[in-house]
Number of protein chains: 2
Amino acid sequence: MASDSGARSSAMDEVIAALRDNDGFVIAGHRDPDGDSLGSSLALGLALERSGKRVAVISADPLSAAYRRLPESGRIEVRDTAPEGFPVAVLIECNGVERSGVDGLDDRLVINIDHHANNPGFGDVNWVDPGVAATGVMIYDLLRAMELQISPEIATHLYVAILTDTGSFRYSNTDARALRVAAELVELGVDPAAVAEAIYENVPAAKVRLLGAALASLELLAGGAVAVMVLPYDVLHAGPGEADTEGIVNHGQGIDGVAVAALFKEVERDLYRVSLRSRGDVDVAAIAASFGGGGHPRAAGCTLEGSLESARNRVLEPVFRELEAAGPIREPSA
Amino acid sequence: MASDSGARSSAMDEVIAALRDNDGFVIAGHRDPDGDSLGSSLALGLALERSGKRVAVISADPLSAAYRRLPESGRIEVRDTAPEGFPVAVLIECNGVERSGVDGLDDRLVINIDHHANNPGFGDVNWVDPGVAATGVMIYDLLRAMELQISPEIATHLYVAILTDTGSFRYSNTDARALRVAAELVELGVDPAAVAEAIYENVPAAKVRLLGAALASLELLAGGAVAVMVLPYDVLHAGPGEADTEGIVNHGQGIDGVAVAALFKEVERDLYRVSLRSRGDVDVAAIAASFGGGGHPRAAGCTLEGSLESARNRVLEPVFRELEAAGPIREPSA
């Protein structure tokens, strides 16, 4: 269930007190920052700054091209050492100070804000609410409770946080509260179509070509229950920079009748990184773990040395076995 | 702007009176029914039936495989003549009785419910509200105003209507009201992730293969501002049944830096159906119209006879000219 609609928790009140009683905040999300980490950090930073506080919003890793298109995203400074003169560290979506990738935060007052259940509460002040879809929902509640002004720019970053963490309101964390907060953010000035275009419709051409190559390799096995795609070394390394393959395996998982999808990426010669997705009973995390990988039951990965044939056989054999154990395969629709 | 949040219009009150004062409703959406047409029709039908009315929900064209996965979708009868004994016709999202594709509706009392501005008000009772994102929002307001029970199944069909017509809350019709109604529907029992999976994650394998083939043909022209994809006759007709190419051209439009995307489909030998998308200043409807086609400024299509080379040249020449007239091309992000 969703958390109580905007009900104030005592943890939130402790965060509010720490924000009100101090000045000089360095705000950081996690490494390889996603939309929720960046959007929540920047929204909080801009709101605190407009209330008269000194704020630095930093990220150890660069922002994606999509994020750089958003208003005031240039306010996020990319650096891996914390600036001096900011006695309070606010960590967003980190399960430990080190997850930020930023050095020099430990000796400050640490405020820890996250919506992941596995957050151990490592801060001096901790507010962890696994009942919300995104940290952006928490920051929205926080700014409301602090009666800080939510400008259209701040609203946009909170909207990005919720939009991206719910996969455009499609993932299983999508709930009534996320949709209602999104509605309120639109009333505060967000242009939802412009945000969606910035986030989802500016795919690098190289990534689209990789998707095309992966789909061209598509094989359906086990009566259509298993989708396999391959990106060989030369294809994967055809473009400049690191190949962006995020989301490609989902196209296999999205095929009618498919229970398990696998993408084999030849990241080095005869070294395959395998992305696995399941939407049935097969626990792909267990299969990945048997090869030293990990993940969630429905999304996992592992890395295997050897030929493609060998990697395929080793990964797919337990997939077929588990599918058979799970019973008759659902036929694709006519 | 969104319409007033659920404010009762006199047009809605006339619909309510017609529904309360009569019995025997045949409800039909438009030909080639989309999620809003089907979801709104079925939600209204189920709610009226549970209030004790006699109802038939029909569609002249079959439901998509995705829609058939939804609860009670089997209640929609596929037929192109109206059943006898239902003196009232409720037309959803039709700009005329004939748009339903169903014969035998004219001589009945016609209730016309739509959210498209071009609806001419052809019914005996007309309720047209272009201010809402989807007809599903209107039906939600209607059921609320009539104090009819909104079961989880009814809520699910209304959610599908809103989800599909807003493109998962990404299109420019997405507004605060659509998001807020979606939130209320989730509170009424909708599982948003299950609905999204039913709608978006059961793509026929043949369609995924077509996407792969189209992406493999991707060319970027005019410094990356124009994306061109081709599906030759043999590829387009490789699978059984009619090729489903819906949405493929959007992958071209979604590439960073692309202003105009074109997909050339060889529907018959040397006969090309061209889908055009624009997200800049180029009016692709005007270009399509010059070849006897049509559409919206940002989404249009036309059909050309002749070789691929000839079709390409004729369509792309005005695209390049208009792009040049529109000024310097935005560079793709680094």
# chains A, B, ... in the order shown; residues from 1 in each chain; ligands from 1
call {"tool": "interface_residues", "arguments": {"of": "chain A", "to": "chain B", "cutoff": "7 Å", "atoms": "only C-alpha atoms", "output": "PDB file with C-alpha atoms, in the first residue's frame"}}
result
ATOM      1  CA  ALA A  65      22.220  13.696 -21.935  1.00  0.00           C
ATOM      2  CA  SER A 168       6.357   6.381 -16.861  1.00  0.00           C
ATOM      3  CA  PHE A 169       3.842   5.009 -14.334  1.00  0.00           C
ATOM      4  CA  ARG A 170       4.214   1.434 -15.556  1.00  0.00           C
ATOM      5  CA  TYR A 171       6.347  -0.313 -12.908  1.00  0.00           C
ATOM      6  CA  SER A 172       4.916  -2.162  -9.932  1.00  0.00           C
ATOM      7  CA  THR A 174       3.303   2.933  -9.288  1.00  0.00           C
ATOM      8  CA  ASP A 175       0.587   3.805  -6.796  1.00  0.00           C
ATOM      9  CA  ALA A 176      -2.208   6.291  -6.265  1.00  0.00           C
ATOM     10  CA  ARG A 177       0.045   8.600  -4.268  1.00  0.00           C
ATOM     11  CA  LEU A 179      -0.094   9.656  -9.593  1.00  0.00           C
ATOM     12  CA  ARG A 180      -1.688  12.212  -7.278  1.00  0.00           C
ATOM     13  CA  ALA A 182       2.299  13.988 -10.284  1.00  0.00           C
ATOM     14  CA  ALA A 183      -1.090  15.675 -10.782  1.00  0.00           C
ATOM     15  CA  GLU A 184      -0.246  18.297  -8.157  1.00  0.00           C
ATOM     16  CA  VAL A 186       1.449  19.495 -13.144  1.00  0.00           C
ATOM     17  CA  GLU A 187      -0.782  22.041 -11.426  1.00  0.00           C
ATOM     18  CA  PRO A 192       4.345  16.523 -18.669  1.00  0.00           C
ATOM     19  CA  ALA A 193       4.740  16.011 -22.427  1.00  0.00           C
ATOM     20  CA  ALA A 196       8.575  12.954 -21.251  1.00  0.00           C
ATOM     21  CA  GLU A 201      12.660  10.956 -26.948  1.00  0.00           C
ATOM     22  CA  ASN A 202      16.277  11.893 -27.223  1.00  0.00           C
ATOM     23  CA  VAL A 203      17.856   8.516 -27.578  1.00  0.00           C
ATOM     24  CA  PRO A 204      21.400   8.584 -29.012  1.00  0.00           C
ATOM     25  CA  ALA A 205      21.426   7.243 -32.581  1.00  0.00           C
ATOM     26  CA  ARG A 209      21.322   1.117 -33.864  1.00  0.00           C
ATOM     27  CA  GLY A 212      18.160  -2.721 -34.122  1.00  0.00           C
ATOM     28  CA  ALA A 213      21.130  -5.115 -34.114  1.00  0.00           C
ATOM     29  CA  LEU A 215      16.371  -7.289 -32.381  1.00  0.00           C
ATOM     30  CA  ALA A 216      17.791  -8.595 -35.660  1.00  0.00           C
ATOM     31  CA  GLY A 254       7.825  -7.578 -23.875  1.00  0.00           C
ATOM     32  CA  ILE A 255       7.120 -10.180 -26.581  1.00  0.00           C
ATOM     33  CA  ASP A 256       3.805 -11.972 -26.319  1.00  0.00           C
ATOM     34  CA  SER A 333      -2.160 -15.009 -28.245  1.00  0.00           C
TER      35      SER A 333
END
call {"tool": "residues_around", "arguments": {"residues": "Ala47 (chain B)", "least_positions_apart": "2", "cutoff": "8 Å", "atoms": "only C-alpha atoms", "output": "MDAnalysis selection string"}}
result
chainID B and resid 43:45 49:51 143 148:150 154
call {"tool": "write_last_selection", "arguments": {"atoms": "N, CA and C atoms", "output": "mmCIF file, in the first residue's frame"}}
result
data_model
loop_
_atom_site.group_PDB
_atom_site.id
_atom_site.type_symbol
_atom_site.label_atom_id
_atom_site.label_comp_id
_atom_site.auth_asym_id
_atom_site.auth_seq_id
_atom_site.Cartn_x
_atom_site.Cartn_y
_atom_site.Cartn_z
ATOM 1 N N ALA B 43 -16.638 0.287 -19.749
ATOM 2 C CA ALA B 43 -16.851 0.800 -18.385
ATOM 3 C C ALA B 43 -18.276 1.322 -18.231
ATOM 4 N N LEU B 44 -18.735 2.083 -19.218
ATOM 5 C CA LEU B 44 -20.106 2.593 -19.150
ATOM 6 C C LEU B 44 -21.111 1.439 -19.191
ATOM 7 N N GLY B 45 -20.856 0.472 -20.073
ATOM 8 C CA GLY B 45 -21.770 -0.659 -20.206
ATOM 9 C C GLY B 45 -21.875 -1.466 -18.926
ATOM 10 N N GLU B 49 -25.221 -1.758 -16.586
ATOM 11 C CA GLU B 49 -25.789 -3.086 -16.375
ATOM 12 C C GLU B 49 -25.930 -3.383 -14.878
ATOM 13 N N ARG B 50 -24.906 -3.047 -14.115
ATOM 14 C CA ARG B 50 -24.968 -3.314 -12.673
ATOM 15 C C ARG B 50 -26.012 -2.442 -11.978
ATOM 16 N N SER B 51 -26.425 -1.366 -12.663
ATOM 17 C CA SER B 51 -27.492 -0.539 -12.088
ATOM 18 C C SER B 51 -28.863 -1.047 -12.530
ATOM 19 N N LEU B 143 -20.063 8.481 -14.219
ATOM 20 C CA LEU B 143 -20.409 7.422 -13.254
ATOM 21 C C LEU B 143 -20.440 7.998 -11.837
ATOM 22 N N LEU B 148 -23.006 5.703 -9.603
ATOM 23 C CA LEU B 148 -22.942 4.275 -9.926
ATOM 24 C C LEU B 148 -21.666 3.699 -9.326
ATOM 25 N N GLN B 149 -21.739 2.430 -8.958
ATOM 26 C CA GLN B 149 -20.577 1.799 -8.340
ATOM 27 C C GLN B 149 -19.471 1.589 -9.373
ATOM 28 N N ILE B 150 -18.252 1.957 -9.041
ATOM 29 C CA ILE B 150 -17.109 1.736 -9.931
ATOM 30 C C ILE B 150 -16.318 0.565 -9.359
ATOM 31 N N ILE B 154 -14.448 -2.097 -13.706
ATOM 32 C CA ILE B 154 -14.834 -0.851 -14.380
ATOM 33 C C ILE B 154 -13.697 0.166 -14.287
#
call {"tool": "residues_around", "arguments": {"residues": "Gly123 (chain B)", "least_positions_apart": "4", "cutoff": "8 Å", "atoms": "only C-alpha atoms", "output": "PDB file with C-alpha atoms, in the first residue's frame"}}
result
ATOM      1  CA  LEU B 109     -32.201   7.654 -29.785  1.00  0.00           C
ATOM      2  CA  VAL B 110     -28.533   8.572 -30.265  1.00  0.00           C
ATOM      3  CA  ILE B 111     -26.331   9.704 -27.358  1.00  0.00           C
ATOM      4  CA  ASN B 112     -22.996  11.068 -28.563  1.00  0.00           C
TER       5      ASN B 112
END
call {"tool": "atom_distance", "arguments": {"atom1": "CA of Asp244 (chain B)", "atom2": "CA of Leu91 (chain B)"}}
result
26.9 Å
call {"tool": "select_by_dssp", "arguments": {"residues": "region 51-100 of chain A", "states": "alpha helix (DSSP H)", "output": "ChimeraX atom specification"}}
result
/A:65-68
call {"tool": "closest_residue", "arguments": {"among": "A:Met12, A:Leu236, A:Asp270, A:Ser40", "to": "Asp129 (chain A)", "atoms": "only C-alpha atoms"}}
result
A:Met12
call {"tool": "residues_around", "arguments": {"residues": "Ser64 (chain A)", "least_positions_apart": "2", "cutoff": "10 Å", "atoms": "only C-alpha atoms", "output": "list in words"}}
result
Asp32, Pro33, Asp34, Gly35, Asp61, Pro62, Ala66, Tyr67, Arg68, Arg69 and Ile199 of chain A
call {"tool": "write_last_selection", "arguments": {"atoms": "N, CA and C atoms", "output": "PDB file, in the first residue's frame"}}
result
ATOM      1  N   ASP A  32      26.336   6.816 -10.789  1.00  0.00           N
ATOM      2  CA  ASP A  32      25.485   6.493 -11.946  1.00  0.00           C
ATOM      3  C   ASP A  32      24.079   6.993 -11.675  1.00  0.00           C
ATOM      4  N   PRO A  33      23.927   8.286 -11.477  1.00  0.00           N
ATOM      5  CA  PRO A  33      22.663   8.800 -10.942  1.00  0.00           C
ATOM      6  C   PRO A  33      21.496   8.585 -11.893  1.00  0.00           C
ATOM      7  N   ASP A  34      20.358   8.200 -11.343  1.00  0.00           N
ATOM      8  CA  ASP A  34      19.142   8.072 -12.142  1.00  0.00           C
ATOM      9  C   ASP A  34      18.268   9.304 -11.923  1.00  0.00           C
ATOM     10  N   GLY A  35      17.115   9.303 -12.540  1.00  0.00           N
ATOM     11  CA  GLY A  35      16.240  10.463 -12.482  1.00  0.00           C
ATOM     12  C   GLY A  35      15.738  10.766 -11.083  1.00  0.00           C
ATOM     13  N   ASP A  61      29.216  11.221 -10.663  1.00  0.00           N
ATOM     14  CA  ASP A  61      29.218  10.813 -12.075  1.00  0.00           C
ATOM     15  C   ASP A  61      28.455  11.826 -12.909  1.00  0.00           C
ATOM     16  N   PRO A  62      28.785  11.916 -14.199  1.00  0.00           N
ATOM     17  CA  PRO A  62      28.104  12.882 -15.060  1.00  0.00           C
ATOM     18  C   PRO A  62      26.620  12.569 -15.215  1.00  0.00           C
ATOM     19  N   ALA A  66      19.910  13.131 -21.433  1.00  0.00           N
ATOM     20  CA  ALA A  66      18.496  13.457 -21.212  1.00  0.00           C
ATOM     21  C   ALA A  66      18.354  14.412 -20.034  1.00  0.00           C
ATOM     22  N   TYR A  67      19.062  14.113 -18.937  1.00  0.00           N
ATOM     23  CA  TYR A  67      18.898  14.961 -17.760  1.00  0.00           C
ATOM     24  C   TYR A  67      19.429  16.367 -18.001  1.00  0.00           C
ATOM     25  N   ARG A  68      20.493  16.457 -18.794  1.00  0.00           N
ATOM     26  CA  ARG A  68      21.093  17.776 -19.035  1.00  0.00           C
ATOM     27  C   ARG A  68      20.159  18.714 -19.778  1.00  0.00           C
ATOM     28  N   ARG A  69      19.106  18.171 -20.388  1.00  0.00           N
ATOM     29  CA  ARG A  69      18.137  19.009 -21.085  1.00  0.00           C
ATOM     30  C   ARG A  69      17.157  19.695 -20.147  1.00  0.00           C
ATOM     31  N   ILE A 199      13.077  13.215 -21.585  1.00  0.00           N
ATOM     32  CA  ILE A 199      13.602  11.990 -20.966  1.00  0.00           C
ATOM     33  C   ILE A 199      13.627  10.823 -21.946  1.00  0.00           C
TER      34      ILE A 199
END
call {"tool": "residues_around", "arguments": {"residues": "Arg108 (chain A)", "least_positions_apart": "2", "cutoff": "8 Å", "atoms": "only C-alpha atoms", "output": "list in words"}}
result
Pro87, Val88, Ala89, Leu105, Asp106 and Val110 of chain A
call {"tool": "write_last_selection", "arguments": {"atoms": "N, CA and C atoms", "output": "compact mmCIF listing (two decimals), in the first residue's frame"}}
result
# COMPACT_ATOMS: atom_id res chain seq x y z
N PRO A 87 28.66 22.27 6.20
CA PRO A 87 28.79 21.32 7.31
C PRO A 87 27.77 20.18 7.32
N VAL A 88 26.75 20.27 6.49
CA VAL A 88 25.74 19.21 6.49
C VAL A 88 25.74 18.49 5.14
N ALA A 89 25.78 17.16 5.18
CA ALA A 89 25.66 16.36 3.96
C ALA A 89 24.27 15.74 3.90
N LEU A 105 32.66 13.36 3.02
CA LEU A 105 31.34 13.64 3.58
C LEU A 105 31.18 13.10 5.00
N ASP A 106 32.02 12.12 5.39
CA ASP A 106 31.83 11.39 6.65
C ASP A 106 31.85 12.27 7.88
N VAL A 110 25.27 14.05 8.79
CA VAL A 110 24.74 13.33 7.62
C VAL A 110 23.23 13.11 7.75
call {"tool": "residues_around", "arguments": {"residues": "region 286-297 of chain B", "least_positions_apart": "2", "cutoff": "12 Å", "atoms": "only C-alpha atoms", "output": "PyMOL selection string"}}
result
chain B and resi 260+262+272-284+299-305+311+314-322
